[in-house]
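For reference, the structure discussed in these notes is given below.
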Amino acid sequence: MTGVLAIAEHRRGELRDVSYELIGAGRELADDLDEELHVAVISGQVEEFARSLSKEGVDVVHTVPDGAEFNHDVYTQVTEQLADELDPSVVLMPNSVNGLDYGPAVAARLGRPLVTDVVDASFEDGFVATREMYGSKVETTVEVDAERVAVMIRGGEWPGATGNGDTEVREFEADIDESAVRTTVTGFEEVGGGDVDISDAEVLVSVGRGIGEEENIELIEELAEALDATLSSSRPIVDNEWLPKNRQVGQSGKTVTPEVYIAIGISGAVQHVAGMKGSETIVAINTDPNAPIFDIADYGIVDDLFDVVPALIDEFEG
Amino acid sequence: MKVLVTVAEVGTVEDDFEIDGAAIDERYLEYDLNEWDDYAVEEAVQLEEEGLADEVVTVTIGPERSEETIRMALAKGADRAIRVWDSSFEGLLDVAAKTEILRAVVAEEEPDLILGGVQTGDAMFGATGVSLAAAIDYPWAAVVNDLEFDGETASVHRELEGGVEELTDVETPAVLTIQTGINEPRYASLRGIRQAQSKEIAVQTLADLGLDGLDSDLRLTEMYEPEVESDATVFEGNAEDTAVQLAGVLREKGVGAQ
Ligand SMILES: Cc1cc2nc3c(=O)[nH]c(=O)nc-3n(C[C@H](O)[C@H](O)[C@H](O)COP(=O)(O)OP(=O)(O)OC[C@H]3O[C@@H](n4cnc5c(N)ncnc54)[C@H](O)[C@@H]3O)c2cc1C
């Protein structure tokens with residue numbers, strides 16, 4: 001019996017890390033159920049992908065060669081058909097941007113309850129998930145009253161599968177209804193280029209929404225200068241066009257790993273942390289002692305940035 | 001062309017708060033227009049200003065309290081609003097339940113374009129828009145940060161991870177989930193706020209929508225503050241004291257040394 005059907009993710013010819021994490025999470029859930037873990041890989045170089053996905057703990061990899069790149073209409077149809085055939089207890093998908101583009105549709109089509117952005121899960125008497133709310137300020141337990149569920153997992157929460165296995169590979173013949181493919185991907189665009197590359201910086205002074213007003217950015221610029229550091233920011237600062245896109249740290253911006261990262265008025269939302277958690281030393285300045293940024297900080301100051309930053313500038317310039 | 005915008009009211013938590021059962025204690029919550037929906041409303045209003053849309057209607061699933069938030073969307077330029085609430089609602093309304101409600105609203109309104117935020121800032125589920133699209137059989141696109149519409153095809157940018165955008169053409173009628181930064185949401189003008197007072201908010205119950213009652217398969221059974229594995233050194237004292245201590249650490253790490 002198929003306990004878990006996990007759908008791998010790839011982009012422009014490469015499997016993304018979350019594919020291996022899906023195997024890790026999928027194996028745990030399949031063990032809870034005492035059933036098999038199947039992985040499906042849809043579109044692109046599926047045979048090559050299948051070799052990479054043949055990890056220990058994976059019982060079958062299904063290859064579905066239709067299409068070249070991700071198209072949510074194709075993914076939705078194929079996942080629905082695979083689920084109909086295999087009848088897994090869990091359809092497991094990534095909570096990535098593309099996951100958000102087909103996972104909810106799969107759940108709706110299959111009539112399964114959906115739990116998204118899951119950071120921990122088990123399936124014993126029933127499906128139980130841990131997820132965060134209110135910008136990661138609290139965690140919650142969600143229980144699902146159903147035997148068949150659709151689940152989307154957050155990246156970076158499960159260890160990726162490593163050991164190579166000797167997994168059976170099956171080609172799945174999907175029946176794609178072309179008239180129901182109503183979106184066309186016409187290309188990709190790289191954004192956030194330009195003069196500075198914040199991912200090269202050794203010291204980053206990063207500013208968030210706590211700065212309040214555009215004219216206050218100057219204060220943080222002054223600090224960056226005093227520290228001989230590079231200026232970066234969280235997303236709202238770029239959304240407001242107070243700084244250009246190439247300064248944005250996070251999931252949809254740059255991933256940075258400086259020696260020192262100083263987060264000023266940044267709460268530490270998961271999409272921000274995704275881009276800076278690899279920094280050697282993390283410093284946070286924030287008025288809110290419960291801000292999630294303190295969970296990953298090495299040094300913290302719980303105080304108003306408008307008091308601390310000028311004092312810090314004085315320390316280095318005075 | 002009619003645009004329907006899903007507008008959620010979300011709770012934001014104060015810095016210090018308490019948990020009551022499986023929810024934030026009401027005393028520590030403030031309510032606001034969902035950040036992502038603010039951008040969706042703006043996008044819809046701009047379509048109307050450009051002459052591409054004739055009407056912008058908002059739909060909110062929320063109690064009477066949410067009318068303040070709805071008036072905000074009306075003040076920013078939406079033409080009228082629908083608010084769905086039923087005395088039978090309690091606990092968590094899951095994605096499937098919200099989808100059922102919105103499907104019924106769509107059946108009545110027959111919009112040509114449906115916009116909603118990528119996610120709500122409180123529950124962070126990120127699923128309602130695409131779930132609705134599948135249920136009503138509309139084409140869709142999720143996490144849209146650029147939209148060009150010629151009246152038939154929506155040419156969008158979907159913001160993927162790592163500074164890459166996917167360019168996609170979507171047939172309409174369609175559902176698009178809107179990402180922050182796609183536009184610059186306006187502040188409501190005094191005139192807008194005054195006008196909003198006389199705009200219609202139609203309140204609908206499940207029975208009004210021809211629905212019998214909804215089952216939510218998801219139950220929120222616990223809420224707690226995450227166990228902090230942090231071993232952060234938090235500097236104590238006033239701003240001058242903490243700045244001195246932090247400067248010491250930074251110098252040790254070679255920061256500012258020229
Ligand atoms: C698909 C998707 C992709 C995303 N990609 C990214 C991304 O790449 N990068 C990113 O950053 N975000 C991203 N986000 C947004 C993310 O969810 C958060 O909304 C964002 O990171 C919040 O930024 P912030 O911490 O600056 O603001 P907030 O969360 O509003 O935090 C502001 C902080 O400032 C503090 N503060 C306020 N006043 C002061 C003061 N006077 N002194 C000191 N502290 C103060 C507050 O206590 C608070 O903690 C993404 C979201 C989605 C849905």
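Naming scheme: A, B, ... for chains in displayed order of the structure tokens; residues 1 onward per chain; ligands 1 onward as shown.
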
(request) Can you tell me which residues come within 8 Å of ligand 1 when counting only C-alpha atoms and all ligand atoms, ideally as number ranges by chain? (result) A: 96-97, 135, 207-212, 233-237, 248-254, 264-275, 285-289, 291-293, 302-306; B: 15, 118-119, 121, 126, 143, 159-162, 179-180

Filtering to C-alpha atoms, could you give me those residues as a compact mmCIF listing (two decimals), in the first residue's frame?
```
# COMPACT_ATOMS: atom_id res chain seq x y z
CA SER A 96 7.44 26.57 -2.28
CA VAL A 97 6.19 29.24 -4.65
CA GLY A 135 4.73 35.73 11.70
CA VAL A 207 17.24 47.36 7.92
CA GLY A 208 13.58 46.34 8.34
CA ARG A 209 10.14 47.86 8.68
CA GLY A 210 10.97 49.01 12.20
CA ILE A 211 12.70 51.98 10.58
CA GLY A 212 9.25 53.48 10.01
CA SER A 233 17.23 45.06 4.00
CA SER A 234 14.11 42.98 4.51
CA ARG A 235 11.39 42.88 1.91
CA PRO A 236 9.03 45.70 2.97
CA ILE A 237 11.85 48.21 2.48
CA GLN A 248 16.79 42.39 -0.36
CA VAL A 249 17.76 39.44 1.80
CA GLY A 250 15.50 36.39 1.88
CA GLN A 251 13.61 33.74 0.01
CA SER A 252 12.76 35.95 -2.95
CA GLY A 253 15.88 38.07 -2.66
CA LYS A 254 19.47 37.09 -1.98
CA ILE A 264 17.80 46.26 12.77
CA GLY A 265 14.02 46.47 13.13
CA ILE A 266 13.55 43.12 11.39
CA SER A 267 11.14 40.61 12.97
CA GLY A 268 12.68 37.45 11.54
CA ALA A 269 9.89 36.10 9.33
CA VAL A 270 10.66 32.69 7.85
CA GLN A 271 11.14 34.06 4.34
CA HIS A 272 13.70 36.52 5.65
CA VAL A 273 15.53 34.01 7.82
CA ALA A 274 15.79 31.64 4.84
CA GLY A 275 18.20 34.13 3.28
CA ILE A 285 18.29 45.09 17.51
CA ASN A 286 14.54 45.07 18.11
CA THR A 287 12.06 46.53 20.60
CA ASP A 288 10.07 43.28 20.76
CA PRO A 289 11.70 40.68 23.04
CA ALA A 291 10.55 38.78 17.86
CA PRO A 292 11.56 35.47 16.20
CA ILE A 293 14.86 37.02 15.02
CA VAL A 302 16.01 44.71 23.11
CA ASP A 303 15.62 48.44 22.66
CA ASP A 304 14.57 51.21 20.32
CA LEU A 305 16.79 51.35 17.27
CA PHE A 306 16.58 55.16 17.30
CA ASP B 15 4.85 42.54 21.52
CA VAL B 118 -0.86 35.45 -1.49
CA GLN B 119 -1.52 34.69 2.18
CA GLY B 121 -0.52 37.53 7.84
CA GLY B 126 -1.51 30.77 1.38
CA VAL B 143 2.39 34.78 -6.20
CA GLU B 159 7.92 35.68 -8.13
CA LEU B 160 9.87 32.47 -7.56
CA GLU B 161 12.66 31.96 -5.04
CA GLY B 162 16.13 33.47 -5.33
CA GLN B 179 2.36 39.46 -3.83
CA THR B 180 3.45 42.57 -1.91
```

Taking a cut-off of 7 Å and counting only C-alpha atoms, can you build a table that, for each residue of chain B near chain A, reports the nearest atom pair and how far apart they are in Å (one decimal), sorted by chain then residue number, as JSON lines?
```
{"residue": "B:Thr12", "atom": "CA", "partner": "A:Tyr134", "partner_atom": "CA", "distance": 6.8}
{"residue": "B:Asp15", "atom": "CA", "partner": "A:Asp288", "partner_atom": "CA", "distance": 5.3}
{"residue": "B:Val95", "atom": "CA", "partner": "A:Leu114", "partner_atom": "CA", "distance": 6.9}
{"residue": "B:Ala96", "atom": "CA", "partner": "A:Pro113", "partner_atom": "CA", "distance": 6.7}
{"residue": "B:Gly121", "atom": "CA", "partner": "A:Tyr134", "partner_atom": "CA", "distance": 6.3}
{"residue": "B:Asp122", "atom": "CA", "partner": "A:Tyr134", "partner_atom": "CA", "distance": 4.3}
{"residue": "B:Ala123", "atom": "CA", "partner": "A:Met133", "partner_atom": "CA", "distance": 5.1}
{"residue": "B:Met124", "atom": "CA", "partner": "A:Met133", "partner_atom": "CA", "distance": 6.3}
{"residue": "B:Phe125", "atom": "CA", "partner": "A:Thr116", "partner_atom": "CA", "distance": 5.8}
{"residue": "B:Gly126", "atom": "CA", "partner": "A:Leu100", "partner_atom": "CA", "distance": 6.9}
{"residue": "B:Ala127", "atom": "CA", "partner": "A:Pro104", "partner_atom": "CA", "distance": 5.5}
{"residue": "B:Val130", "atom": "CA", "partner": "A:Pro104", "partner_atom": "CA", "distance": 5.7}
{"residue": "B:Ser131", "atom": "CA", "partner": "A:Pro104", "partner_atom": "CA", "distance": 4.8}
{"residue": "B:Ala134", "atom": "CA", "partner": "A:Ala105", "partner_atom": "CA", "distance": 5.1}
{"residue": "B:Ala135", "atom": "CA", "partner": "A:Ala108", "partner_atom": "CA", "distance": 6.3}
{"residue": "B:Pro139", "atom": "CA", "partner": "A:Arg182", "partner_atom": "CA", "distance": 6.0}
{"residue": "B:Ala141", "atom": "CA", "partner": "A:Asp101", "partner_atom": "CA", "distance": 6.5}
{"residue": "B:Ala142", "atom": "CA", "partner": "A:Asp101", "partner_atom": "CA", "distance": 5.1}
{"residue": "B:Val143", "atom": "CA", "partner": "A:Val97", "partner_atom": "CA", "distance": 6.9}
{"residue": "B:Leu160", "atom": "CA", "partner": "A:Val97", "partner_atom": "CA", "distance": 5.7}
{"residue": "B:Glu161", "atom": "CA", "partner": "A:Ser252", "partner_atom": "CA", "distance": 4.5}
{"residue": "B:Gly162", "atom": "CA", "partner": "A:Ser252", "partner_atom": "CA", "distance": 4.8}
{"residue": "B:Gly163", "atom": "CA", "partner": "A:Gly253", "partner_atom": "CA", "distance": 5.1}
{"residue": "B:Val164", "atom": "CA", "partner": "A:Glu190", "partner_atom": "CA", "distance": 4.7}
{"residue": "B:Glu165", "atom": "CA", "partner": "A:Glu189", "partner_atom": "CA", "distance": 5.1}
{"residue": "B:Glu166", "atom": "CA", "partner": "A:Phe188", "partner_atom": "CA", "distance": 4.6}
{"residue": "B:Leu167", "atom": "CA", "partner": "A:Gly187", "partner_atom": "CA", "distance": 5.1}
{"residue": "B:Thr168", "atom": "CA", "partner": "A:Val185", "partner_atom": "CA", "distance": 4.3}
{"residue": "B:Asp169", "atom": "CA", "partner": "A:Thr184", "partner_atom": "CA", "distance": 5.2}
{"residue": "B:Val170", "atom": "CA", "partner": "A:Thr183", "partner_atom": "CA", "distance": 4.6}
{"residue": "B:Glu171", "atom": "CA", "partner": "A:Arg182", "partner_atom": "CA", "distance": 5.9}
{"residue": "B:Thr180", "atom": "CA", "partner": "A:Asp239", "partner_atom": "CA", "distance": 6.6}
{"residue": "B:Gly181", "atom": "CA", "partner": "A:Asp239", "partner_atom": "CA", "distance": 4.2}
{"residue": "B:Asp217", "atom": "CA", "partner": "A:Asp145", "partner_atom": "CA", "distance": 5.1}
{"residue": "B:Leu218", "atom": "CA", "partner": "A:Val144", "partner_atom": "CA", "distance": 4.6}
{"residue": "B:Arg219", "atom": "CA", "partner": "A:Glu143", "partner_atom": "CA", "distance": 5.2}
{"residue": "B:Leu220", "atom": "CA", "partner": "A:Val142", "partner_atom": "CA", "distance": 4.6}
{"residue": "B:Thr221", "atom": "CA", "partner": "A:Thr141", "partner_atom": "CA", "distance": 5.6}
{"residue": "B:Glu222", "atom": "CA", "partner": "A:Thr141", "partner_atom": "CA", "distance": 4.9}
{"residue": "B:Met223", "atom": "CA", "partner": "A:Thr140", "partner_atom": "CA", "distance": 4.3}
{"residue": "B:Tyr224", "atom": "CA", "partner": "A:Glu139", "partner_atom": "CA", "distance": 5.5}
{"residue": "B:Glu225", "atom": "CA", "partner": "A:Val138", "partner_atom": "CA", "distance": 4.7}
{"residue": "B:Pro226", "atom": "CA", "partner": "A:Glu139", "partner_atom": "CA", "distance": 5.7}
{"residue": "B:Val228", "atom": "CA", "partner": "A:Asp295", "partner_atom": "CA", "distance": 5.9}
{"residue": "B:Glu229", "atom": "CA", "partner": "A:Asp295", "partner_atom": "CA", "distance": 6.5}
{"residue": "B:Ser230", "atom": "CA", "partner": "A:Asp295", "partner_atom": "CA", "distance": 4.6}
{"residue": "B:Asp231", "atom": "CA", "partner": "A:Asp298", "partner_atom": "CA", "distance": 6.6}
{"residue": "B:Ala232", "atom": "CA", "partner": "A:Asp298", "partner_atom": "CA", "distance": 4.2}
{"residue": "B:Thr233", "atom": "CA", "partner": "A:Tyr299", "partner_atom": "CA", "distance": 4.7}
{"residue": "B:Val234", "atom": "CA", "partner": "A:Gly300", "partner_atom": "CA", "distance": 4.5}
{"residue": "B:Phe235", "atom": "CA", "partner": "A:Ile301", "partner_atom": "CA", "distance": 5.6}
{"residue": "B:Ala239", "atom": "CA", "partner": "A:Val308", "partner_atom": "CA", "distance": 4.9}
{"residue": "B:Glu240", "atom": "CA", "partner": "A:Ala311", "partner_atom": "CA", "distance": 5.6}
{"residue": "B:Thr242", "atom": "CA", "partner": "A:Ile301", "partner_atom": "CA", "distance": 6.8}
{"residue": "B:Ala243", "atom": "CA", "partner": "A:Leu312", "partner_atom": "CA", "distance": 5.0}
{"residue": "B:Val244", "atom": "CA", "partner": "A:Glu315", "partner_atom": "CA", "distance": 6.7}
{"residue": "B:Ala247", "atom": "CA", "partner": "A:Glu315", "partner_atom": "CA", "distance": 6.7}
{"residue": "B:Val255", "atom": "CA", "partner": "A:Leu227", "partner_atom": "CA", "distance": 6.1}
{"residue": "B:Gly256", "atom": "CA", "partner": "A:Leu227", "partner_atom": "CA", "distance": 4.3}
```

(request) Write out as a PyMOL selection string all residues of stretch 11-224 of chain A that backbone DSSP assigns to strand (DSSP E). (result) chain A and resi 11+14-15+36-42+60-64+90-94+114-123+127-133+138-144+149-153+168-171+183-190+203-207

(message) I need the residue nearest B:Val203 from this list: B:Arg27, B:Arg83, B:Arg103, B:Arg71. Use only C-alpha atoms for the distance.
(response)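 Checking each of B:Arg27, B:Arg83, B:Arg103, B:Arg71 against B:Val203, counting only C-alpha atoms, the winner is B:Arg83.
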
(request) Determine which residues of stretch 124-156 of chain B DSSP labels as helix (DSSP H, G or I) from the backbone of this structure, then write them out as a list in words. (result)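 So the helix (DSSP H, G or I) residues in stretch 124-156 of chain B would be Thr128, Gly129, Val130, Ser131, Leu132, Ala133, Ala134, Ala135 and Ile136 of chain B.
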
Give me a file of those residues, with N, CA, C and O atoms, as an mmCIF file, in the first residue's frame.
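Output file result_0.cif is given in full below:
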```
data_model
loop_
_atom_site.group_PDB
_atom_site.id
_atom_site.type_symbol
_atom_site.label_atom_id
_atom_site.label_comp_id
_atom_site.auth_asym_id
_atom_site.auth_seq_id
_atom_site.Cartn_x
_atom_site.Cartn_y
_atom_site.Cartn_z
ATOM 1 N N THR B 128 -6.062 29.747 -0.298
ATOM 2 C CA THR B 128 -7.474 29.929 -0.655
ATOM 3 C C THR B 128 -7.667 30.272 -2.134
ATOM 4 O O THR B 128 -8.549 29.715 -2.786
ATOM 5 N N GLY B 129 -6.856 31.163 -2.674
ATOM 6 C CA GLY B 129 -7.057 31.607 -4.051
ATOM 7 C C GLY B 129 -6.980 30.466 -5.051
ATOM 8 O O GLY B 129 -7.870 30.301 -5.892
ATOM 9 N N VAL B 130 -5.919 29.678 -4.958
ATOM 10 C CA VAL B 130 -5.727 28.588 -5.925
ATOM 11 C C VAL B 130 -6.766 27.478 -5.707
ATOM 12 O O VAL B 130 -7.272 26.885 -6.663
ATOM 13 N N SER B 131 -7.115 27.252 -4.456
ATOM 14 C CA SER B 131 -8.151 26.258 -4.164
ATOM 15 C C SER B 131 -9.479 26.688 -4.796
ATOM 16 O O SER B 131 -10.183 25.888 -5.433
ATOM 17 N N LEU B 132 -9.796 27.981 -4.654
ATOM 18 C CA LEU B 132 -11.032 28.513 -5.250
ATOM 19 C C LEU B 132 -10.999 28.361 -6.766
ATOM 20 O O LEU B 132 -11.975 27.917 -7.385
ATOM 21 N N ALA B 133 -9.862 28.709 -7.371
ATOM 22 C CA ALA B 133 -9.752 28.620 -8.834
ATOM 23 C C ALA B 133 -10.061 27.200 -9.308
ATOM 24 O O ALA B 133 -10.808 27.001 -10.270
ATOM 25 N N ALA B 134 -9.494 26.202 -8.608
ATOM 26 C CA ALA B 134 -9.737 24.809 -9.004
ATOM 27 C C ALA B 134 -11.211 24.461 -8.834
ATOM 28 O O ALA B 134 -11.802 23.773 -9.667
ATOM 29 N N ALA B 135 -11.823 24.967 -7.753
ATOM 30 C CA ALA B 135 -13.220 24.622 -7.472
ATOM 31 C C ALA B 135 -14.172 25.232 -8.496
ATOM 32 O O ALA B 135 -15.176 24.624 -8.856
ATOM 33 N N ILE B 136 -13.881 26.450 -8.970
ATOM 34 C CA ILE B 136 -14.789 27.105 -9.925
ATOM 35 C C ILE B 136 -14.312 26.929 -11.363
ATOM 36 O O ILE B 136 -14.900 27.469 -12.284
#
```

(message) Just want the 12 Å neighbourhood of B:Leu190, counted on only C-alpha atoms, with same-chain residues fewer than 6 positions away dropped. Output as number ranges by chain.
(response) B: 72, 75-77, 196-197

(message) To one decimal place in Å, what is the distance between atom CA of B:Lys199 and atom CA of B:Ile70?
(response)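 One can read the atom CA of B:Lys199 to atom CA of B:Ile70 distance as 10.4 Å.
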
(message) Give me, as a PyMOL selection string, all polymer residues having an atom no more than 9 Å from B:Phe17, counting only C-alpha atoms and skipping those fewer than 2 positions away in the same chain.
(response) chain B and resi 13-15+19+24-25+27-29

Keeping only N, CA and C atoms, take the residues you just selected and write them out as a short mmCIF file (atom, residue, chain, number, x, y, z; two decimals), in the first residue's frame.
```
data_model
loop_
_atom_site.label_atom_id
_atom_site.label_comp_id
_atom_site.auth_asym_id
_atom_site.auth_seq_id
_atom_site.Cartn_x
_atom_site.Cartn_y
_atom_site.Cartn_z
N VAL B 13 -0.49 40.64 16.61
CA VAL B 13 -0.26 40.42 18.04
C VAL B 13 0.66 41.50 18.59
N GLU B 14 0.35 41.99 19.76
CA GLU B 14 1.23 42.96 20.41
C GLU B 14 2.53 42.27 20.84
N ASP B 15 3.55 43.10 21.15
CA ASP B 15 4.85 42.54 21.52
C ASP B 15 4.74 41.54 22.66
N ILE B 19 -1.59 33.62 25.69
CA ILE B 19 -2.38 32.68 24.90
C ILE B 19 -3.52 32.17 25.77
N ILE B 24 -4.74 33.43 20.59
CA ILE B 24 -4.17 34.58 21.27
C ILE B 24 -5.29 35.24 22.09
N ASP B 25 -4.98 35.55 23.31
CA ASP B 25 -5.94 36.26 24.16
C ASP B 25 -6.37 37.54 23.45
N ARG B 27 -7.28 40.31 24.21
CA ARG B 27 -6.80 41.61 24.69
C ARG B 27 -5.51 42.04 24.00
N TYR B 28 -4.79 41.09 23.39
CA TYR B 28 -3.50 41.41 22.79
C TYR B 28 -3.55 41.45 21.27
N LEU B 29 -4.76 41.44 20.73
CA LEU B 29 -4.90 41.44 19.28
C LEU B 29 -5.42 42.77 18.78
#
```

(request) Quick one: everything within 12 Å of B:Ala78, counting only C-alpha atoms, minus sequence neighbours fewer than 3 positions away in the same chain. Send it as JSON, numbers by chain. (result) {"B": [2, 3, 4, 5, 6, 7, 38, 40, 41, 42, 43, 44, 45, 46, 47, 48, 49, 53, 54, 55, 56, 57, 58, 59, 70, 71, 72, 73, 74, 75, 81, 82, 188, 192, 193, 195, 196, 199, 200, 201]}
